[in-house]
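Structure file work_14.cif with mmCIF, C-alpha atoms:
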data_structure
#
loop_
_atom_site.label_atom_id
_atom_site.label_comp_id
_atom_site.auth_asym_id
_atom_site.auth_seq_id
_atom_site.Cartn_x
_atom_site.Cartn_y
_atom_site.Cartn_z
CA PRO A 1 -86.02 -199.65 -83.71
CA VAL A 2 -86.66 -199.42 -79.99
CA ARG A 3 -85.57 -203.03 -79.51
CA GLU A 4 -82.42 -202.40 -81.53
CA LEU A 5 -81.65 -199.32 -79.48
CA HIS A 6 -82.04 -201.26 -76.23
CA HIS A 7 -79.97 -204.04 -77.69
CA ILE A 8 -77.16 -201.70 -78.55
CA HIS A 9 -77.48 -199.66 -75.33
CA PRO A 10 -78.74 -201.85 -72.49
CA ARG A 11 -80.47 -200.29 -69.53
CA GLY A 12 -78.18 -198.00 -67.58
CA THR A 13 -75.40 -197.85 -70.19
CA LEU A 14 -76.07 -194.25 -71.20
CA GLN A 15 -76.17 -193.15 -67.56
CA GLU A 16 -72.85 -194.85 -66.89
CA GLU A 17 -71.30 -193.04 -69.86
CA TYR A 18 -72.40 -189.69 -68.46
CA LYS A 19 -71.14 -190.33 -64.93
CA PRO A 20 -67.55 -189.13 -65.57
CA SER A 21 -68.90 -185.95 -67.11
CA ARG A 22 -71.06 -185.25 -64.09
CA CYS A 23 -68.06 -185.84 -61.80
CA ARG A 24 -65.96 -183.42 -63.78
CA LEU A 25 -68.71 -180.83 -63.67
CA ALA A 26 -69.02 -181.28 -59.93
CA ARG A 27 -65.30 -180.81 -59.42
CA LEU A 28 -65.34 -177.76 -61.68
CA ALA A 29 -68.27 -176.31 -59.73
CA ASN A 30 -66.44 -176.89 -56.44
CA ALA A 31 -63.32 -175.25 -57.82
CA MET A 32 -65.27 -172.25 -59.05
CA ASP A 33 -67.01 -171.97 -55.70
CA PHE A 34 -63.62 -172.08 -53.95
CA ASN A 35 -62.22 -169.41 -56.28
CA VAL A 36 -65.23 -167.17 -55.67
CA LYS A 37 -64.88 -167.58 -51.91
CA LYS A 38 -61.16 -166.88 -52.07
CA LEU A 39 -61.78 -163.84 -54.27
CA ALA A 40 -64.37 -162.54 -51.81
CA SER A 41 -62.01 -163.15 -48.90
CA ASP A 42 -59.15 -161.35 -50.63
CA ALA A 43 -61.45 -158.46 -51.46
CA GLY A 44 -62.48 -158.22 -47.81
CA VAL A 45 -58.86 -158.20 -46.65
CA PHE A 46 -58.00 -155.56 -49.22
CA PHE A 47 -60.94 -153.41 -48.10
CA THR A 48 -59.99 -153.61 -44.40
CA ARG A 49 -56.38 -152.71 -45.25
CA ALA A 50 -57.56 -149.76 -47.33
CA VAL A 51 -59.77 -148.52 -44.50
CA GLN A 52 -56.91 -148.87 -41.98
CA PHE A 53 -54.47 -147.07 -44.30
CA THR A 54 -56.94 -144.22 -44.90
CA GLU A 55 -57.67 -143.78 -41.21
CA GLU A 56 -53.94 -143.70 -40.45
CA LYS A 57 -53.45 -140.95 -43.03
CA LEU A 58 -56.33 -139.00 -41.50
CA GLY A 59 -54.98 -139.51 -37.99
CA GLN A 60 -58.00 -141.53 -36.88
CA ALA A 61 -56.19 -144.83 -36.25
CA GLU A 62 -53.02 -145.91 -34.49
CA LYS A 63 -50.06 -147.11 -36.53
CA THR A 64 -47.47 -149.67 -35.50
CA GLU A 65 -44.03 -148.10 -35.95
CA LEU A 66 -41.06 -150.15 -37.11
CA ASP A 67 -37.98 -150.30 -34.91
CA ALA A 68 -35.28 -147.68 -35.51
CA HIS A 69 -32.76 -150.17 -36.92
CA LEU A 70 -35.19 -151.38 -39.57
CA GLU A 71 -36.18 -147.82 -40.43
CA ASN A 72 -32.51 -146.91 -40.95
CA LEU A 73 -32.03 -149.97 -43.16
CA ILE A 74 -35.05 -149.00 -45.25
CA ALA A 75 -33.79 -145.42 -45.68
CA ARG A 76 -30.34 -146.70 -46.62
CA GLY A 77 -31.86 -149.12 -49.14
CA ASP A 78 -33.94 -146.38 -50.76
CA CYS A 79 -30.87 -144.14 -50.99
CA THR A 80 -28.84 -146.95 -52.56
CA LYS A 81 -31.56 -147.70 -55.10
CA ASN A 82 -32.04 -144.05 -56.12
CA TRP A 83 -28.36 -143.27 -56.60
CA THR A 84 -27.59 -146.59 -58.25
CA GLU A 85 -30.36 -145.93 -60.76
CA LYS A 86 -29.06 -142.42 -61.50
CA ILE A 87 -25.46 -143.64 -61.90
CA PHE A 88 -26.62 -146.48 -64.12
CA ARG A 89 -28.66 -144.19 -66.41
CA GLN A 90 -25.91 -141.58 -66.71
CA THR A 91 -23.27 -144.23 -67.39
CA GLU A 92 -25.46 -145.52 -70.21
CA VAL A 93 -25.61 -141.98 -71.62
CA LEU A 94 -21.83 -141.65 -71.32
CA LEU A 95 -21.13 -144.92 -73.09
CA GLN A 96 -23.88 -144.56 -75.68
CA PRO A 97 -25.02 -140.94 -76.23
CA ASN A 98 -27.45 -141.97 -78.99
CA PRO A 99 -30.90 -142.53 -77.37
CA SER A 100 -32.15 -144.60 -80.34
CA ALA A 101 -29.23 -146.99 -79.98
CA ARG A 102 -29.91 -147.30 -76.23
CA ILE A 103 -33.56 -148.16 -76.90
CA GLU A 104 -32.50 -150.75 -79.45
CA GLU A 105 -30.08 -152.34 -77.01
CA PHE A 106 -32.80 -152.34 -74.33
CA PHE A 107 -35.17 -154.31 -76.55
CA TYR A 108 -32.44 -156.78 -77.50
CA GLU A 109 -31.75 -157.40 -73.81
CA LYS A 110 -35.44 -157.87 -73.01
CA LEU A 111 -35.81 -160.31 -75.89
CA ASP A 112 -32.69 -162.14 -74.69
CA ARG A 113 -31.01 -161.74 -78.06
CA LYS A 114 -27.41 -160.86 -78.86
CA ILE A 115 -26.84 -157.18 -79.53
CA PRO A 116 -25.45 -156.74 -83.08
CA THR A 117 -21.98 -155.25 -83.44
CA ARG A 118 -22.26 -151.53 -84.15
CA THR A 119 -19.57 -149.52 -85.94
CA THR A 120 -18.19 -146.77 -83.72
CA ASN A 121 -18.03 -143.15 -84.85
CA GLY A 122 -14.23 -143.25 -84.95
CA GLU A 123 -14.21 -146.29 -87.22
CA LEU A 124 -16.83 -144.71 -89.48
CA LEU A 125 -14.84 -141.46 -89.70
CA GLY A 126 -11.67 -143.38 -90.52
CA GLN A 127 -13.44 -145.27 -93.30
CA TYR A 128 -14.78 -142.02 -94.77
CA MET A 129 -11.30 -140.50 -94.73
CA GLN A 130 -9.79 -143.47 -96.53
CA ASP A 131 -12.58 -143.50 -99.10
CA ALA A 132 -12.08 -139.77 -99.68
CA ALA A 133 -8.33 -140.34 -100.15
CA LYS A 134 -9.07 -142.75 -103.02
CA ASP A 135 -10.98 -140.03 -104.86
CA PHE A 136 -8.49 -137.24 -104.07
CA GLY A 137 -5.54 -139.44 -104.99
CA PRO A 138 -3.48 -141.46 -102.50
CA GLY A 139 -0.28 -139.96 -103.92
CA THR A 140 -1.24 -136.37 -103.13
CA PRO A 141 -0.19 -134.86 -99.77
CA TYR A 142 -3.82 -134.45 -98.73
CA GLY A 143 -4.78 -137.96 -99.83
CA SER A 144 -1.84 -139.66 -98.10
CA THR A 145 -2.53 -137.72 -94.90
CA LEU A 146 -6.18 -138.74 -95.02
CA ILE A 147 -5.14 -142.38 -95.27
CA THR A 148 -2.81 -142.07 -92.28
CA VAL A 149 -5.31 -140.21 -90.13
CA GLY A 150 -8.07 -142.62 -91.17
CA GLU A 151 -6.04 -145.60 -89.98
CA TYR A 152 -5.56 -144.06 -86.56
CA GLN A 153 -9.21 -143.03 -86.36
CA LYS A 154 -10.08 -146.69 -86.87
CA LYS A 155 -7.66 -147.63 -84.10
CA LEU A 156 -9.33 -145.10 -81.80
CA GLY A 157 -12.72 -146.53 -82.73
CA GLY A 158 -11.53 -150.06 -81.97
CA ALA A 159 -10.22 -148.93 -78.59
CA GLU A 160 -13.58 -147.28 -77.91
CA ARG A 161 -15.43 -150.51 -78.71
CA GLU A 162 -13.22 -152.49 -76.32
CA PHE A 163 -13.83 -149.89 -73.62
CA LEU A 164 -17.61 -150.00 -74.13
CA GLN A 165 -17.65 -153.79 -73.93
CA ALA A 166 -15.46 -153.89 -70.83
CA SER A 167 -17.52 -151.21 -69.09
CA ALA A 168 -20.81 -152.92 -69.92
CA VAL A 169 -19.61 -156.22 -68.46
CA SER A 170 -17.74 -154.94 -65.40
CA PHE A 171 -19.91 -151.98 -64.37
CA LEU A 172 -23.31 -151.71 -66.07
CA THR A 173 -24.30 -155.36 -65.73
CA PRO A 174 -23.81 -155.55 -61.92
CA LEU A 175 -25.79 -152.34 -61.45
CA ARG A 176 -28.59 -153.62 -63.67
CA ASN A 177 -28.64 -156.97 -61.84
CA PHE A 178 -29.09 -155.15 -58.54
CA LEU A 179 -31.92 -152.94 -59.80
CA GLU A 180 -33.79 -155.69 -61.66
CA GLY A 181 -33.02 -158.56 -59.27
CA ASP A 182 -32.09 -157.86 -55.66
CA TRP A 183 -34.03 -154.61 -55.36
CA ARG A 184 -37.20 -156.10 -56.81
CA THR A 185 -37.04 -158.87 -54.21
CA ILE A 186 -36.50 -156.31 -51.45
CA SER A 187 -39.41 -154.20 -52.72
CA LYS A 188 -41.69 -157.24 -52.82
CA GLU A 189 -40.85 -158.18 -49.23
CA ARG A 190 -41.31 -154.58 -48.09
CA ARG A 191 -44.79 -154.46 -49.61
CA LEU A 192 -45.58 -157.73 -47.86
CA LEU A 193 -44.28 -156.26 -44.59
CA GLU A 194 -46.54 -153.24 -45.03
CA ASN A 195 -49.54 -155.53 -45.56
CA ARG A 196 -48.64 -157.51 -42.43
CA ARG A 197 -48.41 -154.26 -40.49
CA LEU A 198 -51.83 -153.17 -41.70
CA ASP A 199 -53.28 -156.54 -40.73
CA LEU A 200 -51.71 -156.24 -37.28
CA ASP A 201 -53.16 -152.76 -36.76
CA VAL A 202 -56.59 -153.96 -37.94
CA CYS A 203 -56.46 -156.76 -35.35
CA LYS A 204 -55.43 -154.29 -32.64
CA ALA A 205 -58.30 -151.98 -33.52
CA ARG A 206 -60.74 -154.89 -33.58
CA LEU A 207 -59.58 -156.11 -30.16
CA LYS A 208 -59.87 -152.62 -28.74
CA LYS A 209 -63.45 -152.26 -29.98
CA ALA A 210 -64.38 -155.72 -28.68
CA LYS A 211 -63.03 -154.92 -25.21
CA LEU A 212 -64.94 -151.65 -25.08
CA ALA A 213 -68.14 -153.41 -26.12
CA GLU A 214 -67.52 -156.17 -23.56
CA ALA A 215 -67.02 -153.65 -20.78
CA LYS A 216 -70.18 -151.83 -21.74
CA ALA A 217 -72.21 -155.05 -21.88
CA ALA A 218 -70.81 -156.29 -18.55
CA ALA A 219 -71.86 -153.14 -16.72
CA ALA A 220 -74.52 -154.05 -14.04
CA PRO A 221 -78.00 -152.90 -15.18
CA ASP A 222 -80.26 -150.80 -12.96
CA PHE A 223 -83.00 -153.19 -11.72
CA GLN A 224 -85.32 -150.31 -10.94
CA GLU A 225 -85.34 -149.10 -14.54
CA THR A 226 -84.48 -152.31 -16.39
CA ARG A 227 -86.79 -155.20 -16.93
CA PRO A 228 -85.65 -158.77 -16.20
CA ARG A 229 -85.83 -159.58 -19.90
CA ASN A 230 -83.34 -156.81 -20.73
CA TYR A 231 -81.05 -158.06 -17.95
CA ILE A 232 -81.03 -161.53 -19.52
CA LEU A 233 -80.27 -160.04 -22.94
CA SER A 234 -77.45 -157.99 -21.42
CA ALA A 235 -75.88 -161.08 -19.85
CA SER A 236 -76.13 -162.92 -23.16
CA ALA A 237 -74.50 -160.00 -25.00
CA SER A 238 -71.71 -159.92 -22.43
CA ALA A 239 -70.98 -163.59 -23.07
CA LEU A 240 -70.97 -163.00 -26.84
CA TRP A 241 -68.58 -160.09 -26.56
CA SER A 242 -66.33 -162.17 -24.28
CA GLU A 243 -66.09 -164.76 -27.05
CA GLU A 244 -65.43 -161.98 -29.56
CA VAL A 245 -62.56 -160.70 -27.38
CA ASP A 246 -61.01 -164.16 -27.20
CA LYS A 247 -61.29 -164.50 -30.97
CA ALA A 248 -59.75 -161.05 -31.53
CA GLU A 249 -56.86 -161.85 -29.16
CA GLN A 250 -56.16 -165.06 -31.06
CA GLU A 251 -56.16 -163.19 -34.40
CA LEU A 252 -53.88 -160.57 -32.91
CA ARG A 253 -51.35 -163.20 -31.79
CA VAL A 254 -51.32 -164.73 -35.29
CA ALA A 255 -50.96 -161.31 -36.94
CA GLN A 256 -48.15 -160.34 -34.57
CA THR A 257 -46.28 -163.57 -35.34
CA GLU A 258 -46.59 -163.06 -39.10
CA PHE A 259 -45.52 -159.43 -38.79
CA ASP A 260 -42.43 -160.31 -36.73
CA ARG A 261 -41.48 -163.04 -39.18
CA GLN A 262 -41.83 -160.75 -42.18
CA ALA A 263 -39.92 -157.96 -40.42
CA GLU A 264 -37.03 -160.36 -39.84
CA VAL A 265 -37.00 -161.44 -43.50
CA THR A 266 -37.02 -157.82 -44.66
CA ARG A 267 -34.27 -156.90 -42.21
CA LEU A 268 -31.98 -159.68 -43.47
CA LEU A 269 -32.49 -158.62 -47.08
CA LEU A 270 -31.80 -154.96 -46.30
CA GLU A 271 -28.65 -155.82 -44.36
CA GLY A 272 -27.40 -157.38 -47.59
CA ILE A 273 -27.11 -153.85 -49.01
CA SER A 274 -23.67 -153.67 -47.36
CA SER A 275 -22.40 -156.54 -49.49
CA THR A 276 -23.96 -154.81 -52.50
CA HIS A 277 -21.88 -151.72 -51.76
CA VAL A 278 -18.73 -153.85 -51.59
CA ASN A 279 -19.55 -155.46 -54.93
CA HIS A 280 -20.29 -152.11 -56.56
CA LEU A 281 -17.01 -150.72 -55.18
CA ARG A 282 -15.09 -153.51 -56.90
CA CYS A 283 -17.01 -152.87 -60.13
CA LEU A 284 -16.24 -149.15 -59.88
CA HIS A 285 -12.51 -149.90 -59.64
CA GLU A 286 -12.76 -152.09 -62.74
CA PHE A 287 -14.61 -149.34 -64.59
CA VAL A 288 -11.93 -146.78 -63.72
CA GLU A 289 -9.18 -149.17 -64.82
CA ALA A 290 -10.95 -149.76 -68.14
CA GLN A 291 -11.39 -146.01 -68.60
CA ALA A 292 -7.73 -145.31 -67.79
CA ALA A 293 -6.56 -148.02 -70.20
CA TYR A 294 -8.81 -146.59 -72.92
CA TYR A 295 -7.52 -143.03 -72.56
CA ALA A 296 -3.91 -144.24 -72.35
CA GLN A 297 -4.40 -146.19 -75.56
CA CYS A 298 -5.93 -143.16 -77.26
CA HIS A 299 -3.04 -140.98 -76.10
CA LYS A 300 -0.56 -143.49 -77.47
CA HIS A 301 -2.31 -143.60 -80.85
CA MET A 302 -2.41 -139.81 -81.09
CA GLN A 303 1.28 -139.48 -80.25
CA GLU A 304 2.12 -141.99 -82.96
CA LEU A 305 -0.10 -140.09 -85.39
CA GLN A 306 1.62 -136.80 -84.60
CA LYS A 307 5.04 -138.36 -85.19
CA GLU A 308 3.95 -139.76 -88.52
CA LEU A 309 2.49 -136.45 -89.63
CA SER A 310 5.65 -134.59 -88.52
CA SER A 311 7.92 -136.94 -90.40
CA ALA A 312 5.71 -136.86 -93.49
CA ASN A 313 5.26 -133.08 -93.64
CA GLY A 314 8.49 -131.91 -92.04
CA ASP A 315 6.66 -129.98 -89.35
CA THR A 316 3.53 -130.19 -87.24
CA PHE A 317 0.46 -128.23 -88.20
CA PRO A 318 0.47 -125.12 -85.97
CA ASN A 319 -2.55 -124.02 -84.02
CA ALA A 320 -3.36 -120.36 -84.56
CA PHE A 321 -4.12 -119.84 -80.89
CA ALA A 322 -1.57 -122.22 -79.34
CA VAL A 323 1.31 -120.90 -77.24
CA ASN A 324 4.50 -122.85 -77.89
CA ALA A 325 7.11 -121.51 -75.50
CA SER A 326 9.84 -123.95 -76.59
CA THR A 327 9.92 -122.64 -80.18
CA SER A 328 8.99 -119.00 -79.70
CA GLY A 329 11.78 -118.12 -77.29
CA ILE A 330 9.33 -116.00 -75.27
CA SER A 331 9.02 -116.40 -71.51
CA ALA A 332 6.33 -114.95 -69.31
CA GLY A 333 7.34 -114.17 -65.76
CA PRO A 334 4.64 -113.70 -63.13
CA SER A 335 4.67 -110.43 -61.21
CA PRO A 336 2.95 -110.71 -57.83
CA LEU A 337 0.41 -107.97 -57.24
CA SER A 338 -2.16 -107.33 -54.55
CA GLY A 339 -5.37 -109.33 -55.06
CA GLY A 340 -3.80 -112.25 -56.92
CA SER A 341 -1.07 -113.29 -59.31
CA VAL A 342 -1.08 -111.47 -62.66
CA PRO A 343 1.06 -112.66 -65.58
CA GLY A 344 3.97 -110.47 -66.39
CA ARG A 345 4.48 -108.63 -69.66
CA PRO A 346 5.93 -110.92 -72.37
CA THR A 347 9.51 -109.99 -73.15
CA ALA A 348 11.92 -111.35 -75.73
CA SER A 349 14.84 -113.43 -74.46
CA SER A 350 18.41 -112.48 -75.28
CA GLY A 351 18.97 -115.48 -77.56
CA SER A 352 15.82 -115.05 -79.65
CA LEU A 353 15.58 -113.33 -82.99
CA GLU A 354 13.91 -109.95 -82.96
CA PRO A 355 10.71 -110.19 -85.02
CA ALA A 356 10.04 -107.66 -87.76
CA PRO A 357 8.03 -104.63 -86.58
CA LEU A 358 4.30 -105.04 -87.12
CA LYS A 359 2.33 -102.10 -88.51
CA ILE A 360 -0.99 -102.23 -86.68
CA GLU A 361 -2.74 -99.81 -89.02
CA GLU A 362 -2.07 -102.14 -91.95
CA VAL A 363 -3.41 -105.28 -90.22
CA LYS A 364 -6.76 -106.46 -91.55
CA PRO A 365 -8.94 -109.03 -89.71
CA PRO A 366 -9.21 -112.36 -91.53
CA ALA A 367 -12.49 -113.50 -93.07
CA THR A 368 -12.59 -116.44 -90.66
CA GLY A 369 -10.71 -117.22 -87.46
CA THR A 370 -11.68 -114.32 -85.22
CA ARG A 371 -12.72 -115.18 -81.66
CA LYS A 372 -14.07 -113.49 -78.58
CA ALA A 373 -11.86 -113.25 -75.50
CA LYS A 374 -12.44 -112.18 -71.92
CA VAL A 375 -9.79 -110.00 -70.29
CA LEU A 376 -8.53 -111.50 -67.04
CA TYR A 377 -6.36 -108.62 -65.74
CA ASP A 378 -5.82 -104.92 -66.41
CA TYR A 379 -3.06 -104.22 -68.93
CA ASP A 380 -1.39 -100.92 -69.82
CA ALA A 381 -0.08 -100.60 -73.36
CA ALA A 382 3.69 -100.09 -73.58
CA ASP A 383 3.51 -98.27 -76.94
CA THR A 384 1.09 -97.28 -79.67
CA SER A 385 1.14 -100.76 -81.24
CA GLU A 386 -0.44 -102.32 -78.13
CA LEU A 387 -4.00 -102.10 -76.80
CA SER A 388 -4.72 -101.29 -73.15
CA LEU A 389 -7.11 -103.70 -71.44
CA LEU A 390 -9.54 -103.60 -68.55
CA ALA A 391 -10.39 -106.72 -66.53
CA ASP A 392 -13.64 -108.54 -67.41
CA GLU A 393 -14.21 -106.76 -70.73
CA LEU A 394 -14.79 -108.67 -73.98
CA ILE A 395 -12.71 -108.04 -77.08
CA THR A 396 -12.28 -109.64 -80.51
CA VAL A 397 -8.92 -111.30 -81.16
CA TYR A 398 -7.18 -112.92 -84.11
CA THR A 399 -3.69 -113.68 -85.34
CA VAL A 400 -1.77 -112.83 -88.48
CA PRO A 401 0.99 -114.74 -90.25
CA GLY A 402 4.46 -114.24 -88.79
CA MET A 403 3.14 -112.86 -85.52
CA ASP A 404 4.67 -113.76 -82.16
CA PRO A 405 2.55 -116.64 -80.74
CA ASP A 406 2.50 -114.95 -77.31
CA TRP A 407 0.55 -112.03 -78.77
CA LEU A 408 -2.74 -111.56 -80.59
CA ILE A 409 -4.36 -108.67 -82.38
CA GLY A 410 -7.19 -107.30 -80.26
CA GLU A 411 -10.04 -105.07 -81.38
CA ARG A 412 -12.46 -103.06 -79.23
CA GLY A 413 -14.73 -100.87 -81.30
CA ASN A 414 -12.48 -98.65 -83.44
CA GLN A 415 -9.39 -99.37 -81.32
CA LYS A 416 -6.92 -102.04 -82.37
CA GLY A 417 -3.56 -103.28 -81.08
CA LYS A 418 -1.45 -106.15 -79.83
CA VAL A 419 -2.56 -107.88 -76.61
CA PRO A 420 -0.75 -110.59 -74.61
CA VAL A 421 -2.32 -114.07 -74.66
CA THR A 422 -1.64 -114.63 -70.96
CA TYR A 423 -4.05 -111.83 -70.05
CA LEU A 424 -6.93 -113.40 -71.99
CA GLU A 425 -9.42 -116.23 -71.68
CA LEU A 426 -10.37 -117.37 -75.17
CA LEU A 427 -14.07 -118.11 -75.52
CA SER A 428 -15.55 -120.73 -77.82
#

Translate the structure described by the file into structure tokens.
Amino acid sequence: PVRELHHIHPRGTLQEEYKPSRCRLARLANAMDFNVKKLASDAGVFFTRAVQFTEEKLGQAEKTELDAHLENLIARGDCTKNWTEKIFRQTEVLLQPNPSARIEEFFYEKLDRKIPTRTTNGELLGQYMQDAAKDFGPGTPYGSTLITVGEYQKKLGGAEREFLQASAVSFLTPLRNFLEGDWRTISKERRLLENRRLDLDVCKARLKKAKLAEAKAAAAPDFQETRPRNYILSASASALWSEEVDKAEQELRVAQTEFDRQAEVTRLLLEGISSTHVNHLRCLHEFVEAQAAYYAQCHKHMQELQKELSSANGDTFPNAFAVNASTSGISAGPSPLSGGSVPGRPTASSGSLEPAPLKIEEVKPPATGTRKAKVLYDYDAADTSELSLLADELITVYTVPGMDPDWLIGERGNQKGKVPVTYLELLS
């Protein structure tokens, strides 16, 4: 068996097979040794920077100050970043008030996936109205009106979706690109500049200590009190400290060069903030144009809806608290008084029909529809049907069918009477 083994594996064959493995192990060991040395070196640099930073905070070490222009650029950059971030977050809230939907969109963006189309609230309301009309009966007045209003709610929802998409592309995306792209690069270079500054200050402190030690070692010893052996040691120490000073000066020159280079890179990046402002200004104009187009489109849809409802019902649906001067025939003339302009007492015009007298004692407040109102000006009742008012007091107001729209029924405790709308601020 031994002969067969030697026949199959002649002398030296097994060693040759293991040579590549030994080479790989040697290279791996060298690489690990290099990584350990680099890790130890980085740890030493980090420790010296931490010591320098701590001593600066405690006032025990000198700190290299940046030039005024660079300091102003840094302050301007921080201001731009802070306000851009606030505007970006609040614009997101304006365009998408639902926080869950914003979180979902955030994850889709991070995963680099297309955000699914989401039905807007207007479109969903319109669909509900049309579905309700099918159950109530499309031929009934309520059902047909629900169908009409539902169609326009869908149009409003579609306009809202277009506005959200346009705003996201023209305004939100540039702001996000600045915060996640340009500003991250600037922050990285600023951190590197701070490290270069700490290294420079460490080299300055080291050089200062070496020069003090050199001066102390170079001082002439007293031959009466110092032995010759100590004199020789002092001369040797002086030579060593002279070499240490030369080494520290060389390190200081290298650190100063790296600091100046990094300061220039940081300055160029921060000066680019001006072009960022120009770009954001253009995006802001586009956002305002998209917003104006959206509101104009909504106004157009609502006007068309009002016309359709008027033609279908013969009249618009009145608002209980609205003042319609064109149909009431009532005009309010301001009477200038000291301390400000107070609305005048509503009076009936000559061409208007005299409304039927209202018996205040017979008026009952409705079950729903009463509101609180704040009195803006003092008012003296003209007759027993009216209620005198004092500025800044709160009263309860409501309307009754057939009542002049310029007047409301006001109640204050057990007192009740007509009050002019122009003297009131209706509260929600």

Handout entry: Counting all atoms listed in the file, the option among A:Asp404, A:Leu424, A:Glu71, A:Val419 closest to Lys372 in chain A
Key = A:Leu424

Practice task
Could you give me, as JSON, numbers by chain, the residues that sit within 8 Å of (-49.9, -154.2, -36.6) in the file's coordinates, counting only C-alpha atoms?
Solution key: {"A": [63, 64, 196, 197, 198, 199, 200, 201, 202, 203, 204, 255, 256, 259]}

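Nearest to Ser187 in chain A of all the residues A:Ala382, A:Ala133, A:Ile409, A:Ile74 is A:Ile74, based on all atoms listed in the file.
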
Exercise for the section: Have a look at A:Lys209, A:Lys81, A:Asn195, A:Trp407 and name the one nearest to Phe46 in chain A; count only C-alpha atoms. Expected result: A:Asn195

Starting from the PyMOL selection byres ((chain A and resi 380) around 10), expand the selection into actual residues of this file and give them as a compact mmCIF listing (two decimals) with C-alpha atoms, in the frame of the given file.
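As written to disk, out_18.txt reads:
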# COMPACT_ATOMS: atom_id res chain seq x y z
CA ARG A 345 4.48 -108.63 -69.66
CA ASP A 378 -5.82 -104.92 -66.41
CA TYR A 379 -3.06 -104.22 -68.93
CA ALA A 381 -0.08 -100.60 -73.36
CA ALA A 382 3.69 -100.09 -73.58
CA ASP A 383 3.51 -98.27 -76.94
CA GLU A 386 -0.44 -102.32 -78.13
CA LEU A 387 -4.00 -102.10 -76.80
CA SER A 388 -4.72 -101.29 -73.15
CA LEU A 389 -7.11 -103.70 -71.44
CA LEU A 390 -9.54 -103.60 -68.55
CA VAL A 419 -2.56 -107.88 -76.61

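Of note, CA of Glu361 in chain A and CA of Pro420 in chain A are spaced 18.1 Å apart.
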